[in-house]
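Scroll down for the structure; my scribbles are underneath it.
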Amino acid sequence: MQAMLAFENAPPFSAPLRFFLSAPLFAVLAGLLVAFEGPDIFASRWTPGALAATHLITIGFMLQIMLGALIQILPVVAGASLQRPLAVARVVNVGLSAGALLLAAGFLSGRPALLGSAAFILGLTMLLFLAVTVTALIGVPSTSPTIRGIKFALFGLLAAVGLGIVLALTLAYGWSFPMVALADLHAAWGLGGWAGVLLAAMAYVVVPMFQLTPGYPARASWWFPGFMLAMLLLWSAGLLADWPLLARLGQLGCALAGIAFAGLTLRLQGKRRRARPDTTYRYWQMGLTAAIFALFLLSAAAIWPAAADLDGWALIVGVLLIAGGFIPFIAGMLYKIVPFLSWMHLQNCGQAKVPAPAMNKMLSELGMHRQMLAYAAALALLLAAIIFPAGLARPAGLAFAAANGWLCLNLAGAALRYRQHRADIEAKLAARLSTP
Amino acid sequence: MSHAKTPHVVDARYMEPPGPFVATMEMLDTLQVGEKMLLLLFREPFPLYKVLRQNGHAYESELLPDGTFEILISR
């Protein structure tokens, strides 16, 4: 019975699952949008289609899964439980979904009402999430680099959301803010201060736990979030005060810190004790390699700013970092987290009387592996489409949509098997109770 | 495996969940009152902390430079 007690604090499985199942649909939409818009979408990072597709992925896919995972994992990695996690999950899931769709529609149509509504809904949703998360973390000491990283990442999220709202309203109502500088800062805080720092904080736990690697060195993992945020503040101060050298120093610092984290993770993975590389491992290898390339390009632009004006430069960095780095990290983690949570909730449901099926029965390794290969092909096509948009834009969009649709099907299959096993366990328990 | 702090050690650093939790609870069951055990992990096990508190066990944790958390648990 003691083993059962460990699970009583976990939020219901449906709390994170609703995020995990709805998020890939936004990546499918982004792919279909690329296919529909065709070569024009690759003209620059500022085309309405590129902005819409980017935010369908960053808000609809990445943010959904990151927030869903945080709701689940905060009690496990920080001992902090959100109040009413299921209600929070429902509201945040609906708010993010509606906000991402409205924002994409606003970019595509240019209608101020859509952009304004998106900013309002996303702002309120994130305010709610930040309020409940910060409340849960109040009084929790930073005893591990992961807890410290989560706290810093929430600050990064606040900055990214604040800048995003200002940008959406500037675009909608023609406010006189420097759009390009603010957009660069919004992307830097969103991808570096929030997603990057949160990814590192989670990696400190999940990479050794699921890939059986050595741990991350304490000192480096302790200072990484603070260093990233300090560099982002330098970058911000440089852009806002129009001191280009300071901004470039901050940009270079962020990129080098990211490269150091990715390089360290690759080194730890090289020392793993799991004999056979699984799909999560391969997804992470893909993500780390692409992220290192993207960050090298970002470093080069910090040293030689004219590079960023080269044709396709910004798009290549964006595709490498988001589609090449973050999506593979997230998909790889989902392929571990969903079977693990299924197993944990089934184990709890069986009350130590009916055993749960093994974790590897929830998702087929072959199915995950094939999906990953499809995603790798889609990524290669997307990168090639930046250089040869005329012939490759539509196939790349369709391939990206198909690979993410496959991810959704794999996860939905696991959720279905979870429900079947749960019904089976409940029937066996009822039969034991009715037996005299 | 033994350690300067106690001869009762669970090195769970390369175990997949729920191995560390199960191994810790099993070792705790074998200890006499007043004895201590050491759990080695690459993360802080908050769900385990909760169970330990509920069962009246004291614990203290220390983060080592290589990323290992040493968790000393009293029976």
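By order of appearance in the structure tokens: chains A, B, ..., then residues from 1 within every chain, and ligands from 1 in the order shown.
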
Interface residues on chain A facing chain B, 7 Å, only C-alpha atoms, written as a VMD selection string: chain A and resid 3 5 to 6 76 to 79 205 208 to 210 212 215 to 219

Excluding Thr30 of chain B and its own-chain neighbours fewer than 5 positions away, which residues fall within 10 Å of it when counting only C-alpha atoms? Please give them as a CSV table (one decimal) with all heavy atoms, in the first residue's frame.
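Written file, selection-v5.csv:
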```csv
chain,number,residue,atom,x,y,z
B,8,HIS,N,23.7,0.9,4.5
B,8,HIS,CA,22.5,0.6,3.7
B,8,HIS,C,22.3,1.6,2.6
B,8,HIS,O,21.8,2.7,2.9
B,8,HIS,CB,21.2,0.6,4.7
B,8,HIS,CG,21.4,-0.2,5.9
B,8,HIS,ND1,21.5,-1.6,5.8
B,8,HIS,CD2,21.6,0.1,7.2
B,8,HIS,CE1,21.7,-2.1,7.0
B,8,HIS,NE2,21.8,-1.1,7.9
B,25,MET,N,11.5,1.7,-0.6
B,25,MET,CA,10.5,1.2,0.3
B,25,MET,C,10.9,-0.2,0.8
B,25,MET,O,10.7,-0.6,2.0
B,25,MET,CB,9.1,1.1,-0.3
B,25,MET,CG,8.6,2.5,-0.8
B,25,MET,SD,8.9,3.9,0.3
B,25,MET,CE,7.7,3.5,1.6
B,35,GLU,N,18.0,3.0,12.5
B,35,GLU,CA,19.0,2.9,11.4
B,35,GLU,C,18.7,3.9,10.3
B,35,GLU,O,17.6,4.4,10.2
B,35,GLU,CB,18.9,1.4,10.9
B,35,GLU,CG,19.6,0.4,11.8
B,35,GLU,CD,19.7,-0.9,11.1
B,35,GLU,OE1,18.7,-1.5,10.6
B,35,GLU,OE2,20.9,-1.4,11.0
B,75,ARG,N,14.9,5.4,9.7
B,75,ARG,CA,13.8,4.5,9.9
B,75,ARG,C,13.0,5.0,11.1
B,75,ARG,O,13.6,5.3,12.1
B,75,ARG,CB,14.3,3.1,10.1
B,75,ARG,CG,13.3,2.1,10.4
B,75,ARG,CD,12.5,1.6,9.2
B,75,ARG,NE,11.8,0.3,9.4
B,75,ARG,CZ,10.5,0.3,9.7
B,75,ARG,NH1,9.8,1.3,9.9
B,75,ARG,NH2,10.0,-0.9,9.9
```

Non-local contacts of Asp11 of chain B (10 Å; only C-alpha atoms; under 4 positions in same chain excluded) as a ChimeraX atom specification: /B:1-2,15,20,23-24,38-41,70

Export, as a CSV table (one decimal), in the first residue's frame, the selected residues with C-alpha atoms.
```csv
chain,number,residue,atom,x,y,z
B,1,MET,CA,27.1,-1.1,-1.8
B,2,SER,CA,28.2,0.7,1.3
B,15,MET,CA,17.1,2.8,-12.6
B,20,PRO,CA,14.0,3.8,-7.1
B,23,ALA,CA,13.8,-0.3,-4.0
B,24,THR,CA,13.8,2.4,-1.3
B,38,LEU,CA,21.0,6.4,1.8
B,39,LEU,CA,19.3,6.8,-1.6
B,40,LEU,CA,21.4,8.1,-4.6
B,41,LEU,CA,19.4,9.7,-7.5
B,70,GLU,CA,22.2,12.0,-1.6
```

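Distance check against His57 of chain B using only C-alpha atoms: of B:Ala4, B:Ser74, B:Leu31, B:Lys36, the minimum falls on B:Ser74.
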
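Atom to atom, atom CA of Gly258 of chain A and atom CA of Ile150 of chain A stand 16.4 Å apart.
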
Coordinates-based distance that separates atom CA of Asp242 of chain A from atom CA of Ile292 of chain A (Å, one decimal): 28.3 Å

Non-local contacts of Leu182 of chain A (10 Å; only C-alpha atoms; under 3 positions in same chain excluded) as a list in words: Leu163, Gly164, Val166, Leu167, Phe177, Pro178, Met179, Leu185, His186, Ala187, Ala188, Ser236, Leu239 and Leu240 of chain A

Enumerate the residues of chain B with a DSSP assignment of strand (DSSP E or B), computed from the backbone, and present them as a CSV table (one decimal) with N, CA, C and O atoms, in the first residue's frame.
```csv
chain,number,residue,atom,x,y,z
B,9,VAL,N,22.6,1.2,1.4
B,9,VAL,CA,22.6,2.2,0.3
B,9,VAL,C,21.8,1.6,-0.9
B,9,VAL,O,21.9,0.5,-1.3
B,10,VAL,N,20.9,2.5,-1.4
B,10,VAL,CA,20.2,2.1,-2.7
B,10,VAL,C,20.8,3.1,-3.8
B,10,VAL,O,20.5,4.3,-3.7
B,11,ASP,N,21.6,2.6,-4.7
B,11,ASP,CA,22.1,3.5,-5.8
B,11,ASP,C,21.1,3.3,-7.0
B,11,ASP,O,21.1,2.4,-7.7
B,36,LYS,N,19.7,4.1,9.5
B,36,LYS,CA,19.5,5.0,8.4
B,36,LYS,C,19.9,4.3,7.0
B,36,LYS,O,20.7,3.4,7.0
B,37,MET,N,19.3,4.8,6.0
B,37,MET,CA,19.7,4.3,4.6
B,37,MET,C,19.9,5.5,3.7
B,37,MET,O,19.5,6.7,4.0
B,38,LEU,N,20.7,5.3,2.7
B,38,LEU,CA,21.0,6.4,1.8
B,38,LEU,C,20.5,6.0,0.4
B,38,LEU,O,20.7,4.9,-0.1
B,39,LEU,N,19.8,7.0,-0.2
B,39,LEU,CA,19.3,6.8,-1.6
B,39,LEU,C,20.1,7.8,-2.5
B,39,LEU,O,20.2,8.9,-2.2
B,40,LEU,N,20.6,7.2,-3.6
B,40,LEU,CA,21.4,8.1,-4.6
B,40,LEU,C,20.5,8.2,-5.8
B,40,LEU,O,20.1,7.2,-6.4
B,41,LEU,N,20.3,9.4,-6.3
B,41,LEU,CA,19.4,9.7,-7.5
B,41,LEU,C,20.0,10.9,-8.2
B,41,LEU,O,20.6,11.7,-7.6
B,59,TYR,N,14.3,12.8,6.7
B,59,TYR,CA,15.2,12.7,5.6
B,59,TYR,C,15.9,14.0,5.4
B,59,TYR,O,15.4,15.0,5.8
B,60,GLU,N,17.1,13.9,4.9
B,60,GLU,CA,17.8,15.1,4.5
B,60,GLU,C,18.5,14.9,3.1
B,60,GLU,O,19.0,13.7,2.9
B,61,SER,N,18.5,15.9,2.3
B,61,SER,CA,19.1,15.6,1.0
B,61,SER,C,20.3,16.6,0.7
B,61,SER,O,20.3,17.8,1.2
B,62,GLU,N,21.2,16.2,-0.1
B,62,GLU,CA,22.4,17.0,-0.4
B,62,GLU,C,22.7,16.8,-1.9
B,62,GLU,O,22.7,15.7,-2.4
B,63,LEU,N,22.9,17.9,-2.6
B,63,LEU,CA,23.2,17.9,-4.1
B,63,LEU,C,24.8,17.9,-4.2
B,63,LEU,O,25.4,18.8,-3.7
B,69,PHE,N,21.9,13.5,-6.1
B,69,PHE,CA,21.3,13.8,-4.8
B,69,PHE,C,21.5,12.7,-3.8
B,69,PHE,O,21.1,11.5,-4.1
B,70,GLU,N,22.1,13.0,-2.7
B,70,GLU,CA,22.2,12.0,-1.6
B,70,GLU,C,21.1,12.2,-0.6
B,70,GLU,O,21.0,13.3,0.0
B,71,ILE,N,20.2,11.2,-0.5
B,71,ILE,CA,19.1,11.4,0.4
B,71,ILE,C,19.2,10.4,1.6
B,71,ILE,O,19.2,9.2,1.4
B,72,LEU,N,19.5,11.0,2.8
B,72,LEU,CA,19.7,10.1,4.0
B,72,LEU,C,18.4,10.0,4.7
B,72,LEU,O,17.8,11.0,5.1
B,73,ILE,N,17.9,8.8,4.8
B,73,ILE,CA,16.5,8.5,5.4
B,73,ILE,C,16.7,7.7,6.7
B,73,ILE,O,17.4,6.8,6.8
B,74,SER,N,16.0,8.2,7.7
B,74,SER,CA,16.0,7.5,9.0
B,74,SER,C,14.7,6.7,9.1
B,74,SER,O,13.6,7.1,8.8
```

Alpha helix (DSSP H) call set, DSSP backbone run, chain B, as a PyMOL selection string: chain B and resi 19-30+46-54

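Relative to atom CA of Pro214 of chain A, atom CA of Ala358 of chain A is found at 24.7 Å.
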